[in-house]
$ cat model.txt   # compact mmCIF, C-alpha atoms
# COMPACT_ATOMS: atom_id res chain seq x y z
CA MET X 241 137.27 -129.73 111.65
CA VAL X 242 134.59 -127.06 111.94
CA GLN X 243 135.51 -123.82 113.69
CA GLY X 244 133.14 -121.25 114.97
CA THR X 245 133.54 -117.56 115.65
CA ARG X 246 135.10 -115.94 118.69
CA THR X 247 132.70 -115.53 121.61
CA ASN X 248 132.60 -112.99 124.40
CA ALA X 249 134.91 -114.74 126.92
CA GLY X 250 137.79 -115.09 124.49
CA ARG X 251 136.75 -118.63 123.65
CA THR X 252 136.33 -120.16 120.22
CA PRO X 253 133.98 -123.14 120.00
CA ARG X 254 135.22 -125.83 117.68
CA GLN X 255 134.44 -129.44 116.87
CA THR X 256 137.21 -132.03 117.00
CA PRO X 257 136.95 -135.33 115.13
CA ASP X 258 137.33 -137.56 118.18
CA LYS X 259 135.95 -135.56 121.12
CA GLY X 260 133.06 -133.51 119.84
CA TRP X 261 132.88 -129.83 120.74
CA SER X 262 135.52 -128.07 122.85
CA LEU X 263 136.55 -124.52 123.74
CA ASP X 264 139.89 -122.89 122.98
CA PHE X 265 140.92 -120.29 125.55
CA ALA X 266 142.57 -117.17 124.21
CA GLY X 267 144.73 -116.88 127.34
CA SER X 268 145.76 -120.53 127.36
CA ARG X 269 149.31 -119.60 128.41
CA ILE X 270 147.87 -118.42 131.73
CA VAL X 271 144.84 -120.69 132.09
CA ARG X 272 146.56 -124.07 131.57
CA PRO X 273 149.29 -123.45 134.19
CA ALA X 274 146.64 -122.17 136.61
CA ILE X 275 144.63 -125.35 136.10
CA ALA X 276 147.75 -127.46 136.64
CA VAL X 277 148.50 -125.62 139.90
CA ALA X 278 144.92 -126.14 141.09
CA ILE X 279 145.11 -129.86 140.31
CA LEU X 280 148.44 -130.21 142.12
CA ALA X 281 147.06 -128.42 145.18
CA VAL X 282 144.27 -130.97 145.38
CA LEU X 283 146.48 -133.99 144.70
CA LEU X 284 149.45 -133.12 146.92
CA PRO X 285 149.17 -134.45 150.47
CA SER X 286 149.14 -132.25 153.54
CA SER X 287 152.50 -131.22 154.95
CA ALA X 288 152.27 -133.81 157.78
CA ALA X 289 151.44 -136.60 155.35
CA PHE X 290 154.19 -135.39 153.02
CA ALA X 291 156.72 -135.54 155.87
CA ARG X 292 155.68 -139.12 156.62
CA ALA X 293 155.88 -140.11 152.98
CA SER X 294 159.31 -138.57 152.67
CA GLY X 295 160.68 -140.71 155.48
CA ALA X 296 159.97 -139.08 158.85
CA PRO X 297 161.00 -141.58 161.56
CA THR X 298 158.29 -143.78 162.98
CA SER X 299 158.46 -146.19 165.91
CA VAL X 300 157.58 -149.80 165.04
CA ILE X 301 157.70 -153.32 166.43
CA VAL X 302 159.23 -155.82 164.03
CA HIS X 303 158.20 -159.47 164.51
CA ALA X 304 160.60 -161.67 162.54
CA THR X 305 160.88 -165.38 161.88
CA PRO X 306 163.11 -167.13 164.46
CA ALA X 307 165.93 -167.40 161.93
CA GLY X 308 165.27 -163.96 160.44
CA VAL X 309 165.86 -161.61 163.39
CA GLU X 310 169.39 -160.67 162.33
CA ARG X 311 168.31 -160.18 158.71
CA ALA X 312 165.39 -157.98 159.85
CA GLN X 313 167.74 -155.87 161.98
CA ASN X 314 170.10 -155.46 159.01
CA LEU X 315 167.15 -154.39 156.83
CA VAL X 316 166.15 -151.77 159.41
CA ARG X 317 169.69 -150.39 159.49
CA ALA X 318 169.93 -150.42 155.68
CA SER X 319 166.72 -148.40 155.49
CA GLY X 320 168.26 -145.68 157.66
CA GLY X 321 166.60 -146.82 160.86
CA HIS X 322 167.97 -148.23 164.11
CA VAL X 323 167.04 -150.96 166.58
CA VAL X 324 165.82 -149.57 169.90
CA ARG X 325 165.12 -152.65 172.05
CA GLN X 326 165.34 -156.40 171.65
CA LEU X 327 162.09 -158.36 172.16
CA PRO X 328 163.29 -161.98 172.15
CA ILE X 329 159.97 -163.37 173.44
CA ILE X 330 158.46 -162.60 170.00
CA ASP X 331 161.64 -163.04 167.93
CA GLY X 332 161.63 -159.33 167.29
CA PHE X 333 162.60 -155.85 168.35
CA SER X 334 161.37 -152.30 168.45
CA ALA X 335 162.93 -149.85 166.02
CA LYS X 336 162.77 -146.35 164.60
CA VAL X 337 162.57 -146.43 160.81
CA PRO X 338 161.76 -143.96 158.05
CA SER X 339 158.04 -144.30 157.39
CA GLY X 340 158.70 -144.91 153.71
CA ALA X 341 160.61 -148.10 154.62
CA VAL X 342 157.74 -149.79 156.49
CA ALA X 343 156.10 -151.26 153.36
CA ALA X 344 159.38 -152.77 152.15
CA LEU X 345 160.04 -154.29 155.58
CA LYS X 346 156.57 -155.87 155.60
CA ARG X 347 157.25 -157.54 152.23
CA ASP X 348 160.46 -159.26 153.35
CA PRO X 349 160.02 -163.03 153.95
CA ALA X 350 162.14 -162.84 157.15
CA ILE X 351 159.50 -160.61 158.75
CA PHE X 352 156.06 -161.71 159.99
CA ALA X 353 154.76 -158.25 160.85
CA VAL X 354 155.70 -154.60 161.27
CA THR X 355 153.26 -152.79 163.57
CA PRO X 356 153.18 -149.29 165.03
CA ASN X 357 154.81 -149.06 168.45
CA MET X 358 152.38 -147.05 170.51
CA ARG X 359 151.02 -146.75 174.00
CA LEU X 360 147.80 -148.70 174.53
CA ARG X 361 144.95 -147.53 176.68
CA PRO X 362 142.42 -149.85 178.29
CA GLN X 363 138.93 -149.48 176.91
CA ALA X 364 137.32 -149.81 180.33
CA ALA X 365 137.71 -147.11 182.96
CA GLY X 366 139.10 -149.61 185.44
CA TYR X 367 139.62 -153.27 186.17
CA SER X 368 137.81 -155.17 188.91
CA ALA X 369 139.12 -158.58 189.98
CA VAL X 370 135.79 -159.14 191.76
CA ALA X 371 133.82 -158.71 188.52
CA ASP X 372 136.28 -160.85 186.49
CA MET X 373 135.19 -164.48 186.99
CA GLY X 374 138.56 -165.71 185.69
CA SER X 375 140.68 -163.63 188.06
CA MET X 376 142.79 -165.31 190.74
CA PHE X 377 140.63 -163.56 193.37
CA SER X 378 137.41 -165.08 191.97
CA VAL X 379 138.95 -168.54 191.48
CA THR X 380 140.27 -168.70 195.06
CA LEU X 381 136.86 -167.52 196.31
CA MET X 382 134.96 -170.17 194.29
CA THR X 383 137.29 -173.02 195.32
CA GLY X 384 137.08 -172.10 199.00
CA ALA X 385 140.78 -171.27 199.25
CA GLN X 386 140.07 -167.87 200.79
CA ALA X 387 137.96 -169.42 203.54
CA MET X 388 140.73 -171.97 204.26
CA TRP X 389 143.34 -169.19 204.45
CA LYS X 390 141.17 -167.29 206.95
CA ALA X 391 140.88 -170.46 209.03
CA GLY X 392 144.68 -170.65 209.15
CA TYR X 393 145.29 -173.33 206.53
CA THR X 394 147.99 -171.83 204.35
CA GLY X 395 150.05 -174.86 203.38
CA ASP X 396 152.97 -173.75 205.54
CA GLY X 397 155.03 -176.78 206.64
CA ILE X 398 153.50 -179.13 204.08
CA ASP X 399 155.85 -181.21 201.96
CA ILE X 400 154.91 -182.67 198.63
CA ALA X 401 156.16 -186.07 197.51
CA LEU X 402 156.09 -187.45 194.01
CA ILE X 403 156.34 -191.12 193.33
CA ASP X 404 157.83 -191.86 189.93
CA SER X 405 157.43 -195.37 188.57
CA GLY X 406 160.23 -194.81 186.06
CA VAL X 407 158.15 -196.09 183.15
CA VAL X 408 158.76 -192.91 181.15
CA PRO X 409 161.94 -190.90 181.74
CA VAL X 410 161.19 -187.25 182.54
CA ASP X 411 164.13 -184.86 182.34
CA GLY X 412 162.65 -182.46 184.89
CA LEU X 413 162.46 -185.22 187.51
CA LYS X 414 166.10 -186.28 187.28
CA GLY X 415 167.76 -185.33 190.51
CA ALA X 416 170.99 -186.01 192.36
CA GLY X 417 169.77 -189.47 193.43
CA SER X 418 168.80 -190.61 189.90
$ encode --input "model.txt" --output "structure tokens"
Amino acid sequence: MVQGTRTNAGRTPRQTPDKGWSLDFAGSRIVRPAIAVAILAVLLPSSAAFARASGAPTSVIVHATPAGVERAQNLVRASGGHVVRQLPIIDGFSAKVPSGAVAALKRDPAIFAVTPNMRLRPQAAGYSAVADMGSMFSVTLMTGAQAMWKAGYTGDGIDIALIDSGVVPVDGLKGAGS
């Protein structure tokens, strides 16, 4: 190794076998910790992000497999969270869980999805049934139902009869006389 002479900033240039030229700092006991602190300041997340990473509670909707709802609820409780409301129409529930537990919940085979539970806002300023060609208002206008209602034809007093040949049994059509 070739060493040079001390220069004006307290540095000594030297050549290392594997890295070429480098500088030794005379005050390395102060400089190296200062560099480490500067690196940590850049790498550490903000206080809000740190709170989330450390497990601040977050509101989620857990969509489980039909047979996995109970397991998913147990996983939420084991993570330090709690079930808030059952959502049986999706085989799921809303819950408050530590944010650090969300990734583990998503990986469990009993769970289809874990999504943030948040209020949604419509993108449009308002909704117009007149402008929506698929709305019930537009459909009844196109079929002439609104004109018939204005003329007094509402269906009041009309009975509907269904004739069943009995070729195929239909559970919904079984009545007291069947």
$ residues_around --input "model.txt" --residues "Ser334 of chain X" --least-positions-apart "3" --cutoff "9 Å" --atoms "only C-alpha atoms" --output "list in words"
Ser299, Val300, Ile301, Val302, His303, His322, Val323, Val324, Arg325, Gln326, Leu327 and Asn357 of chain X
$ atom_distance --input "model.txt" --atom1 "atom CA of Ala343 of chain X" --atom2 "atom CA of Asp331 of chain X"
19.5 Å
$ closest_residue --input "model.txt" --among "X:Ile403, X:Val408, X:Ala371, X:Ala344" --to "Ala312 of chain X" --atoms "only C-alpha atoms"
X:Ala344
$ atom_distance --input "model.txt" --atom1 "atom CA of Ala296 of chain X" --atom2 "atom CA of Val342 of chain X"
11.2 Å
$ atom_distance --input "model.txt" --atom1 "atom CA of Ser339 of chain X" --atom2 "atom CA of Val316 of chain X"
11.2 Å
$ closest_residue --input "model.txt" --among "X:Thr305, X:Thr394, X:Ser319, X:Gln313" --to "Phe352 of chain X" --atoms "all atoms listed in the file"
X:Thr305
$ closest_residue --input "model.txt" --among "X:Met382, X:Gln363, X:Leu315, X:Gly397" --to "Ala335 of chain X" --atoms "all atoms listed in the file"
X:Leu315
$ closest_residue --input "model.txt" --among "X:Pro297, X:Ala307, X:Arg359, X:Gly340" --to "Gly321 of chain X" --atoms "all atoms listed in the file"
X:Pro297
$ closest_residue --input "model.txt" --among "X:Ala364, X:Val337, X:Ala304, X:Ala401" --to "Gly320 of chain X" --atoms "all atoms listed in the file"
X:Val337
